[in-house]
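**Student:** The file below is protein-v3.cif, mmCIF, C-alpha atoms:
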```cif
data_run
loop_
_atom_site.label_atom_id
_atom_site.label_comp_id
_atom_site.auth_asym_id
_atom_site.auth_seq_id
_atom_site.Cartn_x
_atom_site.Cartn_y
_atom_site.Cartn_z
CA MET A 16 36.50 119.68 29.89
CA LEU A 17 34.50 117.38 32.13
CA LEU A 18 32.75 118.77 35.21
CA THR A 19 31.25 116.16 37.52
CA ILE A 20 28.88 117.07 40.32
CA PHE A 21 28.52 114.41 42.99
CA ASN A 22 25.26 114.67 44.89
CA GLY A 23 25.92 113.32 48.37
CA SER A 24 22.37 113.46 49.66
CA PRO A 25 21.00 110.11 50.80
CA ARG A 26 17.68 111.19 49.29
CA GLY A 27 19.23 110.99 45.83
CA LYS A 28 17.27 112.42 42.94
CA GLN A 29 14.49 113.69 45.22
CA SER A 30 16.84 115.63 47.47
CA ASN A 31 17.07 119.37 47.97
CA SER A 32 20.79 119.10 47.12
CA ARG A 33 19.93 117.44 43.81
CA PHE A 34 17.37 120.14 42.95
CA LEU A 35 20.06 122.77 43.51
CA CYS A 36 22.57 120.79 41.41
CA ASP A 37 19.99 120.47 38.62
CA ALA A 38 19.43 124.25 38.66
CA PHE A 39 23.21 124.82 38.56
CA MET A 40 23.51 122.44 35.59
CA LYS A 41 20.72 124.24 33.71
CA GLY A 42 22.62 127.50 34.08
CA TYR A 43 25.89 125.84 33.12
CA ILE A 44 24.55 124.39 29.87
CA GLU A 45 22.50 127.45 28.91
CA LYS A 46 25.08 128.46 26.35
CA ASP A 47 26.41 125.13 25.19
CA ASP A 48 29.60 125.55 23.15
CA GLY A 49 30.10 121.81 22.74
CA LYS A 50 33.46 121.96 24.53
CA ASP A 51 32.33 121.17 28.04
CA ILE A 52 30.54 118.19 29.47
CA ILE A 53 28.72 118.25 32.80
CA GLN A 54 27.23 115.29 34.64
CA ILE A 55 25.55 114.72 38.01
CA ILE A 56 26.23 111.49 39.90
CA ASP A 57 24.21 110.48 42.99
CA LEU A 58 26.20 108.97 45.86
CA ILE A 59 23.50 106.81 47.38
CA GLU A 60 24.55 103.19 47.59
CA VAL A 61 27.70 102.58 49.61
CA ALA A 62 28.26 99.28 47.75
CA LYS A 63 28.69 101.22 44.50
CA ILE A 64 30.62 104.16 45.90
CA LYS A 65 34.05 102.63 45.30
CA SER A 66 33.28 102.23 41.61
CA LEU A 67 32.49 105.94 41.35
CA ARG A 68 36.03 107.06 42.10
CA SER A 69 37.03 106.32 38.51
CA ILE A 70 34.43 108.91 37.43
CA PHE A 71 35.99 111.29 39.93
CA ALA A 72 39.45 110.57 38.52
CA GLN A 73 38.36 111.16 34.91
CA SER A 74 36.94 114.60 35.72
CA ASP A 75 38.76 117.85 35.15
CA HIS A 76 36.67 119.69 37.71
CA VAL A 77 34.52 118.37 40.53
CA ILE A 78 31.75 119.77 42.72
CA ILE A 79 30.51 117.78 45.69
CA ALA A 80 27.07 118.70 47.08
CA PHE A 81 25.63 117.42 50.33
CA PRO A 82 23.23 118.29 53.13
CA LEU A 83 24.66 118.87 56.60
CA TYR A 84 24.03 115.76 58.74
CA ILE A 85 24.92 116.12 62.43
CA ASP A 86 27.23 119.04 61.63
CA SER A 87 29.24 117.40 58.86
CA MET A 88 28.91 115.33 55.69
CA PRO A 89 26.50 112.37 55.57
CA ALA A 90 28.23 108.99 56.10
CA GLN A 91 27.89 108.17 52.38
CA VAL A 92 30.01 111.18 51.47
CA LYS A 93 32.67 110.28 54.03
CA TYR A 94 32.79 106.73 52.65
CA PHE A 95 33.37 108.26 49.21
CA PHE A 96 36.17 110.48 50.56
CA GLU A 97 37.80 107.43 52.13
CA THR A 98 37.82 105.52 48.83
CA LEU A 99 40.01 108.31 47.44
CA LYS A 100 42.73 107.62 50.00
CA ASN A 101 45.85 106.36 48.20
CA TYR A 102 43.89 106.15 44.94
CA LYS A 103 46.32 106.65 42.11
CA MET A 104 44.84 109.02 39.56
CA LYS A 105 46.16 109.14 36.00
CA LYS A 106 45.71 112.89 35.86
CA GLN A 107 45.34 115.67 38.38
CA ILE A 108 41.85 116.99 39.07
CA GLN A 109 42.15 120.72 38.47
CA SER A 110 39.64 122.06 40.93
CA ILE A 111 37.10 121.02 43.50
CA GLY A 112 34.22 122.98 45.02
CA PHE A 113 31.34 122.21 47.32
CA PHE A 114 27.66 122.96 47.89
CA VAL A 115 26.59 122.50 51.50
CA GLN A 116 23.00 123.01 52.47
CA SER A 117 21.63 122.84 56.00
CA GLY A 118 18.06 122.60 57.18
CA PHE A 119 18.59 125.43 59.65
CA PRO A 120 18.66 129.00 58.35
CA GLY A 121 21.98 130.76 58.82
CA LYS A 122 25.51 130.12 57.61
CA ILE A 123 27.06 129.39 60.99
CA HIS A 124 26.12 125.69 61.02
CA SER A 125 28.16 124.95 57.90
CA THR A 126 31.22 127.12 58.48
CA PHE A 127 33.06 124.44 60.48
CA ILE A 128 32.79 121.76 57.81
CA GLU A 129 33.84 124.40 55.29
CA GLN A 130 37.29 124.49 56.92
CA TYR A 131 37.53 120.72 56.59
CA LEU A 132 36.55 120.86 52.91
CA SER A 133 39.28 123.39 52.22
CA ASN A 134 41.87 121.04 53.76
CA PHE A 135 40.34 118.06 51.93
CA SER A 136 40.91 119.81 48.59
CA MET A 137 44.53 120.51 49.49
CA ARG A 138 44.95 116.87 50.51
CA LEU A 139 43.94 115.87 46.97
CA GLY A 140 46.22 118.50 45.50
CA CYS A 141 43.31 120.32 43.84
CA GLN A 142 42.58 124.00 43.64
CA TYR A 143 39.86 124.76 46.20
CA MET A 144 37.03 126.61 44.46
CA GLY A 145 35.17 127.41 47.67
CA THR A 146 32.03 126.23 49.37
CA VAL A 147 28.59 127.56 48.53
CA ILE A 148 26.53 127.45 51.70
CA LYS A 149 22.76 127.39 51.53
CA GLY A 150 20.94 127.65 54.84
CA GLY A 151 17.25 126.84 55.33
CA GLY A 152 17.42 124.17 52.63
CA GLU A 153 14.46 122.20 53.94
CA SER A 154 12.26 125.21 53.16
CA ILE A 155 12.22 123.88 49.58
CA LYS A 156 10.19 120.93 50.83
CA ILE A 157 8.02 123.11 53.14
CA SER A 158 6.84 125.23 50.22
CA ALA A 159 6.30 122.24 47.95
CA LEU A 160 4.13 120.58 50.62
CA GLN A 161 1.49 123.34 50.68
CA LYS A 162 -1.71 122.23 48.95
CA LYS A 163 -4.25 124.80 50.21
CA ILE A 164 -4.54 127.93 48.08
CA ILE A 165 -4.69 130.18 51.17
CA HIS A 166 -1.44 128.71 52.51
CA ARG A 167 0.24 129.09 49.12
CA LEU A 168 -0.89 132.71 49.06
CA ILE A 169 0.46 133.38 52.56
CA PHE A 170 3.76 131.77 51.59
CA LYS A 171 3.91 133.84 48.42
CA ILE A 172 3.38 137.09 50.35
CA ALA A 173 5.93 136.06 53.01
CA ALA A 174 8.45 135.25 50.26
CA LEU A 175 7.85 138.45 48.27
CA THR A 176 8.17 140.67 51.33
CA ASP A 177 11.00 138.58 52.79
CA LEU A 178 8.99 138.59 56.00
CA GLY A 179 11.22 138.70 59.08
CA ARG A 180 14.26 138.19 56.81
CA VAL A 181 13.37 134.49 56.60
CA GLY A 182 10.48 134.87 54.14
CA HIS A 183 12.83 134.56 51.15
CA LEU A 184 13.62 131.01 52.25
CA LEU A 185 10.11 130.04 51.10
CA ASP A 186 10.72 131.24 47.57
CA ASN A 187 11.89 128.10 45.77
CA LYS A 188 12.00 129.86 42.42
CA LYS A 189 14.52 132.33 43.83
CA HIS A 190 16.72 129.56 45.29
CA PHE A 191 16.83 127.74 42.00
CA ASN A 192 17.50 131.00 40.12
CA HIS A 193 20.51 131.66 42.36
CA PHE A 194 21.96 128.25 41.53
CA TYR A 195 21.06 128.70 37.86
CA GLU A 196 23.01 131.98 37.84
CA LEU A 197 25.83 130.33 39.77
CA GLY A 198 26.06 127.68 37.00
CA LYS A 199 26.04 130.33 34.30
CA GLN A 200 28.82 132.32 35.96
CA TYR A 201 30.86 129.20 36.71
CA LYS A 202 30.77 128.23 33.04
CA LYS A 203 31.83 131.73 31.98
CA PHE A 204 34.50 132.60 34.56
CA HIS A 205 35.14 129.33 36.31
CA TYR A 206 34.51 130.45 39.86
CA PHE A 207 31.60 130.68 42.27
CA ASP A 208 30.22 134.22 42.05
CA SER A 209 30.71 135.84 45.46
CA HIS A 210 27.66 138.11 45.00
CA ILE A 211 25.40 135.11 44.58
CA ILE A 212 27.04 133.34 47.51
CA LYS A 213 26.26 136.40 49.67
CA LYS A 214 22.60 136.29 48.64
CA LEU A 215 22.44 132.66 49.78
CA ASP A 216 23.96 133.54 53.17
CA ARG A 217 20.94 135.40 54.48
CA PRO A 218 20.00 135.81 57.26
CA LYS A 219 23.48 136.13 58.72
CA LYS A 220 22.26 136.39 62.29
CA ILE A 221 19.09 134.99 63.76
CA ASN A 222 17.22 137.11 66.27
CA TRP A 223 14.19 136.22 68.32
CA PHE A 224 11.79 137.56 65.68
CA ASN A 225 13.37 135.60 62.77
CA TYR A 226 13.44 132.53 64.94
CA SER A 227 9.80 132.80 66.06
CA LEU A 228 8.59 133.26 62.51
CA TYR A 229 10.67 130.39 61.13
CA LYS A 230 9.61 128.17 64.03
CA PHE A 231 5.93 128.99 63.45
CA ILE A 232 6.12 128.24 59.73
CA ALA A 233 8.26 125.09 59.90
CA GLU A 234 6.51 123.53 62.88
CA ASN A 235 2.95 124.27 61.78
CA PHE A 236 3.22 123.90 58.04
CA TYR A 237 5.78 121.11 57.87
CA TRP A 238 6.28 118.92 60.91
CA ASN A 239 2.64 119.00 62.03
CA THR A 240 1.46 118.23 58.49
CA LEU A 241 3.80 115.24 58.28
CA LEU A 242 2.88 114.02 61.78
CA LYS A 243 -0.82 114.11 60.84
CA ARG A 244 -0.07 112.24 57.64
CA TYR A 245 1.46 109.39 59.65
CA ASN A 246 -1.16 109.65 62.43
CA SER A 247 1.70 110.20 64.91
CA THR A 248 0.79 113.56 66.46
CA GLN A 249 0.12 111.99 69.87
CA GLN A 250 3.53 110.29 69.86
CA ARG A 251 5.54 113.33 68.78
CA ASP A 252 7.23 113.79 72.19
CA ASN A 253 7.97 110.10 72.81
CA THR A 254 11.15 109.31 74.73
CA PRO A 255 11.73 105.61 74.02
CA TYR A 256 15.20 105.52 75.63
CA SER A 257 14.20 107.06 78.98
CA MET B 71 29.63 106.27 86.08
CA GLN B 72 28.23 104.67 82.91
CA ILE B 73 30.53 105.15 79.91
CA THR B 74 29.92 104.07 76.32
CA ILE B 75 32.82 103.92 73.89
CA LEU B 76 31.73 104.05 70.25
CA ASN B 77 34.74 102.54 68.49
CA GLY B 78 34.66 103.66 64.85
CA ASN B 79 37.79 101.82 63.74
CA SER B 80 36.81 99.99 60.57
CA ASN B 81 40.18 98.28 60.16
CA PRO B 82 40.82 95.45 62.64
CA LYS B 83 44.43 95.34 61.43
CA ASP B 84 45.00 98.77 62.97
CA THR B 85 46.27 97.10 66.13
CA SER B 86 47.81 100.21 67.67
CA PHE B 87 44.42 101.93 67.79
CA GLU B 88 42.74 98.82 69.18
CA GLN B 89 45.46 98.44 71.82
CA TYR B 90 44.97 102.03 72.93
CA ILE B 91 41.21 101.55 73.28
CA SER B 92 41.80 98.28 75.17
CA GLN B 93 44.11 100.09 77.59
CA VAL B 94 41.56 102.86 78.07
CA THR B 95 38.79 100.34 78.63
CA SER B 96 40.73 98.24 81.14
CA GLN B 97 41.84 101.28 83.15
CA LEU B 98 38.36 102.83 83.19
CA GLU B 99 36.74 99.54 84.15
CA SER B 100 38.19 99.69 87.65
CA ASP B 101 36.01 102.70 88.54
CA HIS B 102 33.29 102.80 85.91
CA ASP B 103 30.76 100.69 84.06
CA ILE B 104 32.03 100.50 80.48
CA THR B 105 30.19 99.49 77.30
CA ASN B 106 32.64 99.18 74.43
CA ILE B 107 30.81 99.05 71.11
CA LYS B 108 32.85 98.02 68.08
CA LEU B 109 30.81 99.58 65.31
CA ARG B 110 32.39 97.45 62.57
CA LYS B 111 30.68 94.41 64.08
CA LEU B 112 27.21 95.95 63.86
CA LYS B 113 24.64 96.14 61.12
CA ILE B 114 24.13 99.85 60.51
CA LYS B 115 21.72 100.97 57.83
CA LEU B 116 22.78 104.45 56.79
CA CYS B 117 20.45 107.35 57.54
CA THR B 118 18.30 108.04 54.48
CA GLY B 119 17.12 111.48 55.66
CA CYS B 120 13.52 110.28 55.58
CA PHE B 121 12.62 111.97 58.95
CA GLY B 122 10.62 108.84 59.81
CA CYS B 123 12.23 109.02 63.28
CA TRP B 124 10.48 112.36 63.81
CA VAL B 125 7.14 111.99 62.05
CA ASN B 126 6.39 108.27 61.66
CA THR B 127 7.85 106.53 64.73
CA PRO B 128 8.84 109.59 66.83
CA GLY B 129 12.05 108.96 68.76
CA LYS B 130 12.95 105.72 66.94
CA CYS B 131 14.51 104.99 63.56
CA ILE B 132 12.01 103.31 61.25
CA PHE B 133 14.66 100.85 60.07
CA ASN B 134 15.44 97.73 62.01
CA ASP B 135 19.20 97.64 62.54
CA ASP B 136 21.70 97.55 65.40
CA THR B 137 21.61 101.31 65.96
CA ASP B 138 18.71 100.91 68.40
CA MET B 139 21.24 99.35 70.78
CA ILE B 140 23.64 102.27 70.17
CA ARG B 141 20.98 104.88 71.02
CA GLU B 142 19.90 102.95 74.09
CA SER B 143 23.47 102.70 75.37
CA TYR B 144 24.07 106.36 74.48
CA MET B 145 21.11 107.59 76.52
CA ARG B 146 21.94 105.27 79.45
CA SER B 147 25.44 106.77 79.72
CA ASP B 148 26.90 109.68 81.64
CA LEU B 149 29.73 109.93 79.13
CA VAL B 150 30.00 108.78 75.51
CA ILE B 151 33.48 108.54 73.97
CA PHE B 152 33.64 108.78 70.19
CA ALA B 153 36.79 106.93 69.11
CA SER B 154 38.18 106.71 65.62
CA PRO B 155 41.31 106.80 63.52
CA VAL B 156 41.55 109.91 61.36
CA ILE B 157 40.98 108.96 57.71
CA MET B 158 41.23 111.62 55.02
CA GLY B 159 41.33 114.33 57.67
CA PHE B 160 38.25 113.37 59.66
CA THR B 161 36.88 110.63 61.88
CA SER B 162 35.78 107.47 60.09
CA ALA B 163 32.74 107.01 57.88
CA LEU B 164 31.85 104.08 60.15
CA LEU B 165 31.63 106.39 63.17
CA LYS B 166 29.74 108.93 61.07
CA SER B 167 27.19 106.28 60.10
CA ALA B 168 26.45 105.77 63.82
CA GLN B 169 26.36 109.52 64.54
CA ASP B 170 23.88 110.16 61.73
CA LYS B 171 21.60 107.63 63.43
CA LEU B 172 21.51 109.69 66.65
CA LEU B 173 18.97 112.00 65.01
CA PRO B 174 15.99 110.24 66.69
CA LEU B 175 17.33 111.49 70.04
CA LEU B 176 16.39 115.02 68.96
CA HIS B 177 12.97 116.56 68.35
CA PRO B 178 11.99 118.10 65.01
CA ASN B 179 10.84 121.34 66.64
CA PHE B 180 13.22 124.23 67.18
CA THR B 181 14.94 126.14 69.92
CA LEU B 182 17.06 129.30 69.88
CA LEU B 183 20.56 129.05 71.37
CA LYS B 184 22.93 132.04 71.26
CA ASN B 185 21.24 133.42 68.14
CA GLU B 186 21.37 130.07 66.37
CA ILE B 187 18.45 127.79 65.54
CA HIS B 188 18.84 124.22 66.76
CA HIS B 189 16.52 121.28 67.21
CA LYS B 190 14.61 121.02 70.43
CA TYR B 191 15.84 118.32 72.79
CA ARG B 192 13.69 115.23 73.15
CA TYR B 193 15.22 114.28 76.53
CA LYS B 194 15.86 116.36 79.63
CA THR B 195 19.48 115.29 79.94
CA TYR B 196 22.08 113.93 77.57
CA PRO B 197 25.50 112.40 78.26
CA LEU B 198 28.71 114.37 77.99
CA VAL B 199 30.85 113.42 75.02
CA GLY B 200 34.58 112.97 74.53
CA LEU B 201 36.75 112.29 71.51
CA ILE B 202 39.75 110.00 70.94
CA VAL B 203 41.42 110.04 67.54
CA SER B 204 44.56 108.47 66.14
CA LYS B 205 46.48 110.56 63.66
CA GLU B 206 47.08 109.49 60.08
CA PRO B 207 50.26 110.18 58.10
CA LYS B 208 50.57 113.55 56.33
CA MET B 209 48.13 115.43 58.51
CA GLN B 210 47.90 119.17 58.15
CA ASP B 211 48.66 121.31 61.19
CA ASN B 212 45.09 122.34 61.85
CA ASP B 213 43.37 118.99 61.10
CA ILE B 214 42.91 118.06 64.76
CA SER B 215 41.59 121.52 65.68
CA ILE B 216 39.10 121.37 62.78
CA ILE B 217 37.90 117.93 63.93
CA THR B 218 37.60 119.22 67.50
CA ASP B 219 35.64 122.29 66.32
CA ILE B 220 33.19 120.07 64.45
CA TYR B 221 32.78 117.81 67.50
CA ASN B 222 32.12 120.88 69.62
CA ARG B 223 29.28 121.70 67.20
CA ILE B 224 28.00 118.12 67.34
CA ALA B 225 27.98 118.41 71.13
CA ILE B 226 25.92 121.63 71.00
CA ASN B 227 23.35 119.97 68.76
CA LEU B 228 23.20 116.98 71.11
CA ASN B 229 22.59 119.31 74.10
CA THR B 230 25.89 118.57 75.75
CA SER B 231 29.53 119.61 75.65
CA LEU B 232 32.75 118.06 74.47
CA SER B 233 34.60 117.30 77.67
CA PHE B 234 37.89 116.27 76.03
CA SER B 235 39.53 115.74 72.66
CA ILE B 236 42.75 113.74 72.69
CA THR B 237 44.91 111.77 70.29
CA THR B 238 46.24 108.27 70.87
CA GLN B 239 49.68 109.87 71.20
CA SER B 240 48.60 111.18 74.60
CA PRO B 241 49.29 108.89 77.54
CA VAL B 242 46.20 107.00 78.73
CA LYS B 243 46.55 108.63 82.14
CA GLU B 244 45.78 111.98 80.52
CA LEU B 245 42.43 110.60 79.38
CA MET B 246 41.86 109.05 82.82
CA TYR B 247 42.43 112.46 84.37
CA ALA B 248 39.95 114.07 81.93
CA VAL B 249 37.30 111.42 82.61
CA ASN B 250 37.70 111.46 86.36
CA ASN B 251 37.70 115.24 86.64
CA PHE B 252 35.05 116.43 84.24
#
```
With the file now loaded, output its structure as structure tokens.
**Tutor:**
Amino acid sequence: MLLTIFNGSPRGKQSNSRFLCDAFMKGYIEKDDGKDIIQIIDLIEVAKIKSLRSIFAQSDHVIIAFPLYIDSMPAQVKYFFETLKNYKMKKQIQSIGFFVQSGFPGKIHSTFIEQYLSNFSMRLGCQYMGTVIKGGGESIKISALQKKIIHRLIFKIAALTDLGRVGHLLDNKKHFNHFYELGKQYKKFHYFDSHIIKKLDRPKKINWFNYSLYKFIAENFYWNTLLKRYNSTQQRDNTPYS
Amino acid sequence: MQITILNGNSNPKDTSFEQYISQVTSQLESDHDITNIKLRKLKIKLCTGCFGCWVNTPGKCIFNDDTDMIRESYMRSDLVIFASPVIMGFTSALLKSAQDKLLPLLHPNFTLLKNEIHHKYRYKTYPLVGLIVSKEPKMQDNDISIITDIYNRIAINLNTSLSFSITTQSPVKELMYAVNNF
């Protein structure tokens, strides 16, 4: 059985989506019985996307992972979907599932594209395996960016205590563990474990306190750090099309 | 009123879609200032998710392509019409490539809207948006409502609202009514 994961992040191998796919694959191959093959393919270059549909067609099962760009799939992923239109496949793909991760915490941002993905699977005649939604995905990069020991310590405490119900988003190890477990369960039972999906959903609702805390962390420890790196802090509010 | 039509039809042989957009353009032109942008004729470098438009050259994409003209026309408009044939259940990848490049119009910081986190708005006002799609064969019953739901979300993130969503099966006068009465 061949399982192919297509990583639809334009950032390719350095993307948060790819890190989550890698963790899933590690879980999937933990108990290798030699019967199943898993591969991850990056959908970066549009010029090569058409050639990738043969890999899609050879697969028994497919997972497509992508970050939410302006409330839906990045253009690369849509180009890939369009190459599948009227493409005659020699065999039927058995199932298709999706990983969608958004920068914003909360599931709500990705629920609308989830409905599309369900229809897309039906369009291809595949069993829809569901969509794993991961909110607050950019937090992976926020944590990785911290160089100062004191900041790392603060992040560690916030993550351990799940401060304001957004602290867990800073715990990269936990995110990757969830996807590792997801891969393990998928290999065993061939579905996305609903208990793990629920853990990734948090927080379901954002209140003023969650928001303020997330805003403080992301703006001060991420955007400001990057703006300083590029010496662009003074230009941060520019409105070039006014 | 300034109106920009972002035409995401990638197939020039799809004459029925082009004819519909031509009719819309010619009828709107009598009362409005129309910019009709055929995206297939532009050089669009796909968004790489680098965030350069937020942290390196705030407000502008770091890549030099034709999307600067799209953003300029977008922000100059009172209404932007996204137009596209439906392909594989959603608007075209070509239109999506232009939409992804609207990110510089937003600010990296955050705001709270109805218990949802969104990006802060870089500009005080943004144009209203509308949607024209042409149906493809074998569409599922709820395809158009799913597309409309997603465009409603896009509108929220772009600090505006979706003023209409119509298919090319609707008479042009229906669109004229929507434009002239929003």
**Student:** Residues of chain B near chain A: apply a cut-off of 7 Å, count all atoms listed in the file, and supply the list as a PyMOL selection string.
**Tutor:** chain B and resi 118-119+125-126+128-129+142+145+157-159+163+166-167+170+179-180+182+185-187+192-193+216+219-220+223-224
**Student:** Excluding stretch 35-47 of chain A and residues on its chain fewer than 4 positions from it, collect all residues at most 6 Å away from it, counting only C-alpha atoms, and give them as a PyMOL selection string.
**Tutor:** chain A and resi 191+194-196+198-199+202
**Student:** If you measure from atom CA of A:Ile155 to atom CA of B:His189, what distance in Å do you get, rounded to one decimal?
**Tutor:** 18.3 Å
**Student:** Given the choices B:Leu175, B:Ile107, B:Ile91, B:Cys123, which gets closest to B:Pro155 if the distance is worked out from all atoms listed in the file?
**Tutor:**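 When distances to B:Pro155 are compared using all atoms listed in the file, the smallest one comes from B:Ile91.
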**Student:** Export N, CA, C and O atoms of stretch 65-84 of chain A from the structure just given, as a JSON list (two decimals), in the first residue's frame?
**Tutor:**
```json
[["chain", "number", "residue", "atom", "x", "y", "z"],
["A", 65, "LYS", "N", 2.18, 19.56, -12.68],
["A", 65, "LYS", "CA", 1.45, 18.65, -13.57],
["A", 65, "LYS", "C", 2.09, 17.26, -13.56],
["A", 65, "LYS", "O", 1.38, 16.24, -13.62],
["A", 66, "SER", "N", 3.41, 17.23, -13.46],
["A", 66, "SER", "CA", 4.09, 15.93, -13.49],
["A", 66, "SER", "C", 3.82, 15.12, -12.21],
["A", 66, "SER", "O", 4.00, 13.91, -12.19],
["A", 67, "LEU", "N", 3.37, 15.81, -11.17],
["A", 67, "LEU", "CA", 3.16, 15.11, -9.89],
["A", 67, "LEU", "C", 1.84, 14.34, -9.83],
["A", 67, "LEU", "O", 1.62, 13.53, -8.94],
["A", 68, "ARG", "N", 0.98, 14.61, -10.81],
["A", 68, "ARG", "CA", -0.32, 13.91, -10.74],
["A", 68, "ARG", "C", -0.18, 12.41, -10.97],
["A", 68, "ARG", "O", -1.02, 11.64, -10.54],
["A", 69, "SER", "N", 0.91, 12.01, -11.66],
["A", 69, "SER", "CA", 1.10, 10.57, -11.85],
["A", 69, "SER", "C", 1.44, 9.91, -10.50],
["A", 69, "SER", "O", 1.05, 8.77, -10.24],
["A", 70, "ILE", "N", 2.14, 10.66, -9.64],
["A", 70, "ILE", "CA", 2.43, 10.14, -8.29],
["A", 70, "ILE", "C", 1.12, 10.01, -7.51],
["A", 70, "ILE", "O", 0.88, 9.03, -6.81],
["A", 71, "PHE", "N", 0.27, 11.01, -7.69],
["A", 71, "PHE", "CA", -1.05, 10.99, -7.06],
["A", 71, "PHE", "C", -1.82, 9.74, -7.52],
["A", 71, "PHE", "O", -2.37, 9.00, -6.71],
["A", 72, "ALA", "N", -1.79, 9.52, -8.84],
["A", 72, "ALA", "CA", -2.57, 8.43, -9.42],
["A", 72, "ALA", "C", -2.05, 7.04, -9.01],
["A", 72, "ALA", "O", -2.82, 6.09, -8.97],
["A", 73, "GLN", "N", -0.75, 6.97, -8.71],
["A", 73, "GLN", "CA", -0.18, 5.66, -8.33],
["A", 73, "GLN", "C", -0.48, 5.30, -6.87],
["A", 73, "GLN", "O", -0.31, 4.16, -6.45],
["A", 74, "SER", "N", -0.89, 6.31, -6.09],
["A", 74, "SER", "CA", -1.07, 6.11, -4.65],
["A", 74, "SER", "C", -2.36, 5.36, -4.33],
["A", 74, "SER", "O", -3.34, 5.47, -5.06],
["A", 75, "ASP", "N", -2.32, 4.62, -3.24],
["A", 75, "ASP", "CA", -3.55, 3.98, -2.77],
["A", 75, "ASP", "C", -4.31, 4.95, -1.86],
["A", 75, "ASP", "O", -5.53, 5.00, -1.86],
["A", 76, "HIS", "N", -3.54, 5.68, -1.07],
["A", 76, "HIS", "CA", -4.13, 6.65, -0.15],
["A", 76, "HIS", "C", -3.33, 7.95, -0.25],
["A", 76, "HIS", "O", -2.12, 7.92, -0.46],
["A", 77, "VAL", "N", -4.04, 9.05, -0.06],
["A", 77, "VAL", "CA", -3.39, 10.36, -0.21],
["A", 77, "VAL", "C", -3.78, 11.26, 0.96],
["A", 77, "VAL", "O", -4.92, 11.22, 1.44],
["A", 78, "ILE", "N", -2.80, 12.04, 1.43],
["A", 78, "ILE", "CA", -3.08, 13.12, 2.39],
["A", 78, "ILE", "C", -2.51, 14.39, 1.77],
["A", 78, "ILE", "O", -1.39, 14.39, 1.25],
["A", 79, "ILE", "N", -3.30, 15.45, 1.80],
["A", 79, "ILE", "CA", -2.81, 16.72, 1.28],
["A", 79, "ILE", "C", -2.75, 17.72, 2.44],
["A", 79, "ILE", "O", -3.76, 17.93, 3.12],
["A", 80, "ALA", "N", -1.57, 18.26, 2.68],
["A", 80, "ALA", "CA", -1.38, 19.21, 3.80],
["A", 80, "ALA", "C", -1.12, 20.59, 3.23],
["A", 80, "ALA", "O", -0.39, 20.73, 2.24],
["A", 81, "PHE", "N", -1.73, 21.60, 3.84],
["A", 81, "PHE", "CA", -1.41, 22.97, 3.40],
["A", 81, "PHE", "C", -1.76, 23.97, 4.49],
["A", 81, "PHE", "O", -2.60, 23.72, 5.35],
["A", 82, "PRO", "N", -1.09, 25.14, 4.43],
["A", 82, "PRO", "CA", -1.46, 26.22, 5.35],
["A", 82, "PRO", "C", -2.62, 27.01, 4.74],
["A", 82, "PRO", "O", -2.77, 27.03, 3.52],
["A", 83, "LEU", "N", -3.42, 27.62, 5.58],
["A", 83, "LEU", "CA", -4.54, 28.42, 5.09],
["A", 83, "LEU", "C", -4.00, 29.76, 4.58],
["A", 83, "LEU", "O", -3.36, 30.49, 5.34],
["A", 84, "TYR", "N", -4.21, 30.05, 3.31],
["A", 84, "TYR", "CA", -3.80, 31.33, 2.71],
["A", 84, "TYR", "C", -5.05, 32.07, 2.28],
["A", 84, "TYR", "O", -5.78, 31.58, 1.42]]
```
